[in-house]
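Source file: my_file.cif. Holds: mmCIF, C-alpha atoms.
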```
data_input
#
loop_
_atom_site.label_atom_id
_atom_site.label_comp_id
_atom_site.auth_asym_id
_atom_site.auth_seq_id
_atom_site.Cartn_x
_atom_site.Cartn_y
_atom_site.Cartn_z
CA MET O 1 0.00 0.00 0.00
CA PRO O 2 1.46 3.40 -0.92
CA LYS O 3 2.48 5.79 1.83
CA ASN O 4 0.29 8.82 2.30
CA VAL O 5 1.02 12.27 3.66
CA LEU O 6 -1.10 15.10 4.98
CA LEU O 7 0.38 18.52 4.19
CA ILE O 8 -1.39 21.42 5.89
CA LEU O 9 -1.67 24.79 4.16
CA ALA O 10 -2.35 27.92 6.19
CA GLU O 11 -2.61 31.49 4.92
CA GLY O 12 0.92 32.83 4.54
CA PHE O 13 2.60 29.44 3.97
CA GLU O 14 6.02 29.57 2.30
CA ASP O 15 5.17 28.78 -1.32
CA VAL O 16 8.35 26.91 -2.31
CA GLU O 17 8.43 24.79 0.85
CA ALA O 18 4.90 23.49 0.35
CA VAL O 19 4.98 22.96 -3.41
CA THR O 20 8.44 21.33 -3.37
CA ALA O 21 7.34 18.82 -0.74
CA VAL O 22 4.20 17.93 -2.73
CA ASP O 23 6.18 17.59 -5.97
CA VAL O 24 9.07 15.50 -4.59
CA LEU O 25 6.84 13.19 -2.59
CA ARG O 26 4.54 12.54 -5.53
CA ARG O 27 7.57 11.81 -7.73
CA ALA O 28 8.56 9.25 -5.08
CA GLY O 29 5.18 7.55 -5.36
CA VAL O 30 3.80 8.95 -2.10
CA SER O 31 0.16 10.03 -2.04
CA VAL O 32 -0.03 13.63 -0.81
CA THR O 33 -3.22 15.31 0.33
CA THR O 34 -3.13 19.04 0.91
CA ALA O 35 -5.53 20.35 3.51
CA GLY O 36 -6.46 23.97 4.14
CA LEU O 37 -7.40 25.33 7.53
CA SER O 38 -10.64 26.54 5.96
CA GLU O 39 -12.63 26.28 2.72
CA GLY O 40 -11.31 27.79 -0.49
CA LEU O 41 -8.01 28.97 -1.86
CA VAL O 42 -5.03 29.44 0.44
CA THR O 43 -2.56 32.22 -0.38
CA GLY O 44 1.13 31.71 0.23
CA SER O 45 3.59 34.32 1.47
CA ARG O 46 4.53 35.26 -2.11
CA GLY O 47 1.01 35.31 -3.47
CA THR O 48 0.74 31.78 -4.85
CA ARG O 49 -2.88 30.71 -4.52
CA VAL O 50 -3.42 27.02 -3.94
CA SER O 51 -6.63 25.06 -3.94
CA PRO O 52 -6.21 22.41 -1.22
CA ASP O 53 -7.51 18.92 -1.87
CA GLU O 54 -9.81 19.25 1.15
CA THR O 55 -10.28 21.07 4.42
CA LEU O 56 -8.34 20.04 7.49
CA GLU O 57 -11.62 19.36 9.23
CA LYS O 58 -12.39 16.65 6.63
CA ALA O 59 -8.83 15.31 6.46
CA LYS O 60 -8.10 15.10 10.18
CA GLY O 61 -9.77 11.71 10.61
CA GLY O 62 -7.82 10.01 7.83
CA GLU O 63 -5.03 7.49 8.20
CA TRP O 64 -1.74 9.17 7.30
CA ASN O 65 1.89 8.06 7.49
CA ALA O 66 3.26 11.58 7.88
CA LEU O 67 2.28 15.14 8.70
CA VAL O 68 4.07 17.96 6.86
CA LEU O 69 4.03 21.57 8.04
CA PRO O 70 5.46 24.19 5.67
CA GLY O 71 6.84 27.37 7.20
CA GLY O 72 6.48 31.01 6.34
CA GLY O 73 6.16 33.43 9.23
CA LYS O 74 2.44 34.12 8.91
CA GLY O 75 1.75 30.55 7.81
CA ALA O 76 3.50 29.11 10.87
CA ASP O 77 1.61 31.51 13.15
CA ASN O 78 -1.69 30.41 11.59
CA LEU O 79 -0.80 26.73 11.98
CA ALA O 80 0.16 27.30 15.61
CA ALA O 81 -3.16 29.03 16.30
CA SER O 82 -5.16 25.97 15.18
CA PRO O 83 -6.24 23.54 17.92
CA VAL O 84 -6.83 20.91 15.20
CA VAL O 85 -3.20 21.21 14.04
CA ARG O 86 -2.00 20.90 17.62
CA ASP O 87 -4.11 17.77 18.18
CA LEU O 88 -2.86 16.21 14.95
CA ILE O 89 0.79 16.84 15.86
CA LEU O 90 0.27 15.11 19.20
CA LYS O 91 -1.65 12.25 17.58
CA PHE O 92 1.09 11.63 14.99
CA HIS O 93 3.85 11.94 17.58
CA LYS O 94 2.20 9.53 20.04
CA ALA O 95 1.60 7.02 17.22
CA GLY O 96 5.27 7.16 16.18
CA LYS O 97 4.39 8.61 12.78
CA VAL O 98 6.54 11.09 10.88
CA VAL O 99 6.15 14.77 11.75
CA ALA O 100 8.04 17.09 9.39
CA ALA O 101 8.33 20.87 9.68
CA ILE O 102 10.42 23.47 7.90
CA CYS O 103 11.43 27.12 8.35
CA ALA O 104 9.54 28.81 11.18
CA ALA O 105 7.25 25.81 11.77
CA PRO O 106 9.63 23.79 14.01
CA ALA O 107 9.96 26.60 16.59
CA VAL O 108 6.58 28.26 16.15
CA VAL O 109 4.32 25.22 15.66
CA LEU O 110 6.08 22.13 17.04
CA ALA O 111 7.90 23.54 20.07
CA PRO O 112 4.78 24.82 21.89
CA VAL O 113 3.18 21.38 21.52
CA GLY O 114 6.03 19.83 23.51
CA ILE O 115 7.33 17.21 21.08
CA LEU O 116 10.83 18.72 20.71
CA GLU O 117 12.03 18.04 24.26
CA GLY O 118 15.45 16.38 24.06
CA LYS O 119 15.35 16.24 20.25
CA LYS O 120 17.95 17.38 17.75
CA VAL O 121 16.29 20.08 15.62
CA THR O 122 16.86 22.91 13.19
CA GLY O 123 14.77 25.79 11.98
CA PHE O 124 14.81 29.21 10.41
CA PRO O 125 17.79 31.28 11.57
CA GLY O 126 16.70 33.50 14.43
CA THR O 127 13.98 31.13 15.72
CA GLU O 128 16.39 29.17 17.94
CA GLY O 129 15.03 30.89 21.04
CA GLY O 130 11.68 29.19 20.43
CA PHE O 131 13.11 25.71 21.00
CA PRO O 132 13.04 24.04 24.42
CA SER O 133 16.30 24.30 26.35
CA SER O 134 16.59 20.50 26.20
CA SER O 135 16.61 20.52 22.39
CA VAL O 136 19.92 20.17 20.57
CA VAL O 137 19.73 22.98 18.02
CA SER O 138 21.67 22.41 14.81
CA THR O 139 22.51 24.63 11.86
CA ASP O 140 22.36 21.63 9.50
CA PRO O 141 20.02 22.15 6.53
CA VAL O 142 17.92 19.13 7.54
CA VAL O 143 17.82 17.18 10.80
CA VAL O 144 16.23 13.76 11.20
CA ASP O 145 15.75 12.60 14.79
CA GLY O 146 13.69 9.43 14.85
CA ASN O 147 10.35 10.25 13.21
CA LEU O 148 10.91 14.01 13.48
CA ILE O 149 12.25 15.87 10.45
CA THR O 150 13.07 19.58 10.66
CA SER O 151 14.65 21.92 8.15
CA ARG O 152 15.91 25.51 7.96
CA ALA O 153 14.28 27.49 5.18
CA LEU O 154 13.18 27.83 1.57
CA GLY O 155 16.73 27.10 0.37
CA THR O 156 16.61 23.70 2.06
CA ALA O 157 13.16 22.71 0.73
CA LEU O 158 14.52 20.15 -1.75
CA ALA O 159 16.81 18.50 0.82
CA PHE O 160 13.91 18.48 3.33
CA SER O 161 11.56 16.87 0.82
CA LEU O 162 14.13 14.25 -0.20
CA ALA O 163 14.78 13.38 3.47
CA LEU O 164 11.04 12.96 3.95
CA ALA O 165 10.83 10.74 0.87
CA GLU O 166 13.73 8.65 2.16
CA LYS O 167 12.05 8.21 5.53
CA LEU O 168 8.78 7.12 3.90
CA VAL O 169 9.82 5.04 0.88
CA GLY O 170 13.54 4.41 1.28
CA ARG O 171 16.91 5.68 0.19
CA GLU O 172 16.85 4.10 -3.27
CA THR O 173 13.63 5.85 -4.29
CA SER O 174 14.73 9.13 -2.73
CA GLU O 175 18.05 8.95 -4.63
CA LYS O 176 16.24 8.19 -7.88
CA VAL O 177 14.07 11.30 -7.41
CA ARG O 178 17.13 13.37 -6.44
CA ARG O 179 18.94 12.36 -9.63
CA SER O 180 15.86 13.08 -11.74
CA VAL O 181 15.45 16.62 -10.41
CA LEU O 182 19.10 17.60 -10.12
CA GLY O 183 20.20 16.11 -13.45
#
```
What would the structure in this file look like if it were written as structure tokens?
Amino acid sequence: MPKNVLLILAEGFEDVEAVTAVDVLRRAGVSVTTAGLSEGLVTGSRGTRVSPDETLEKAKGGEWNALVLPGGGKGADNLAASPVVRDLILKFHKAGKVVAAICAAPAVVLAPVGILEGKKVTGFPGTEGGFPSSSVVSTDPVVVDGNLITSRALGTALAFSLALAEKLVGRETSEKVRRSVLG
């Protein structure tokens, strides 16, 4: 059975981070469902308007292998303000499923939920103060600690997406996608 991912889009999401993850994962054979916090189009931080596959309210009850949270300052703030997002993060974490966040989302969305205690993490430069004191904060582009994947920023979106693909469908498939997109 193919792996499936829930990627949540909130107003102000970082365009490249979200679209790159969807693209790379689909190239790797992963089923990706995008879910908006509300009905209708969701506008990214650079004006890209995306029509999510469904609302988060509809998607939240599905069976997913991973949860992906794109960054963007306003997007991360909007994700963090959603009780449904918070509940899903905890549900995925407790079930040992993959939780992946990039840019501002690790510090702004994941840290307040409490799943970063004692974890090695990375995030957008300048957000380090949002991590718990027990976290090991790295400047690596992507950090994988168990089923937690964090990444720095737009410039690391491809590496983040490939790490997520590797975690879900294996190194061989991830490498095949990497070669196909990098030439």
Report task. Taking the file as shown, find all residues satisfying the PyMOL selection byres ((chain O and resi 8-18) around 8) and write them as an MDAnalysis selection string. Result -> chainID O and resid 6:7 19:22 34:37 42:46 48 52 56 67:76 78:79 102 153:154 157
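Considering all atoms listed in the file, the residue among O:Leu25, O:Leu148, O:Val84, O:Val99 positioned nearest to O:Arg178 is O:Leu25.
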Report task. Can you work out which one of O:Glu172, O:Asp87, O:Glu117, O:Glu128 has the shortest atom-to-atom distance to O:Asp145, counting all atoms listed in the file? Result ->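 Smallest separation from O:Asp145 among the options: O:Glu117.
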Report task. Apply the PyMOL selection byres ((chain O and resi 3) around 6) to the file shown and report the selected residues as an NGL selection string. Result -> :O and (2 or 4 or 30)
Write a file of the just-selected residues containing C-alpha atoms, as a tab-separated table (two decimals), in the frame of the given file.
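Wrote selection_26.tsv, looks like this:
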```
chain	number	residue	atom	x	y	z
O	2	PRO	CA	1.46	3.40	-0.92
O	4	ASN	CA	0.29	8.82	2.30
O	30	VAL	CA	3.80	8.95	-2.10
```
Report summary line: Min atom-atom distance to O:His93 from the set O:Ala105, O:Ala66, O:Val137, O:Ala81, counting all atoms listed in the file, belongs to O:Ala66
Query - Among the residues O:Asn65, O:Ser31, O:Ser38, O:Ser51, the one that comes closest to O:Asn147 [using all atoms listed in the file] - result: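 The closest residue to O:Asn147 is O:Asn65.
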Report task. Please evaluate the PyMOL selection byres ((chain O and resi 162) around 8) against the displayed coordinates and give the resulting residues as a list in words. Result ->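 Those residues are Val24, Leu25, Leu158, Ala159, Phe160, Ser161, Ala163, Leu164, Ala165, Glu166, Ser174, Glu175, Val177 and Arg178 of chain O.
The shortest atom-to-atom distance to O:Cys103, with all atoms listed in the file taken into account, belongs to O:Asp77 out of O:Glu63, O:Glu39, O:Asp53, O:Asp77.
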Report summary line: atom CA of O:Ser133 sits from atom CA of O:Gly118 at a separation of 8.3 Å
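The space between atom CA of O:Ser138 and atom CA of O:Pro112 spans 18.5 Å.
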Query raised in the report: With distances taken over all atoms listed in the file, which of O:Val5, O:Ala28, O:Val108, O:Val144 is nearest to O:Ala59?
Result: O:Val5
Query raised in the report: So what do you get for atom CA of O:Pro141 versus atom CA of O:Thr127, distance-wise?
Result: 14.2 Å
Report task. Write out as a list in words which residues come within 7 Å of O:Val143 when counting all atoms listed in the file, dropping same-chain ones fewer than 6 positions away. Result -> Lys120, Val121, Thr122, Ile149, Thr150 and Ser151 of chain O
Requested in this report: Tell me which protein, DNA and RNA residues are within 10 Å of O:Ala111, counting all atoms listed in the file, leaving out same-chain ones fewer than 2 positions away, and put them as a list in words.
Outcome: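 Once the nearby chain positions are removed, what remains is Ala80, Ala105, Pro106, Ala107, Val108, Val109, Val113, Gly114, Ile115, Leu116, Glu117, Gly130, Phe131, Pro132 and Ser135 of chain O.
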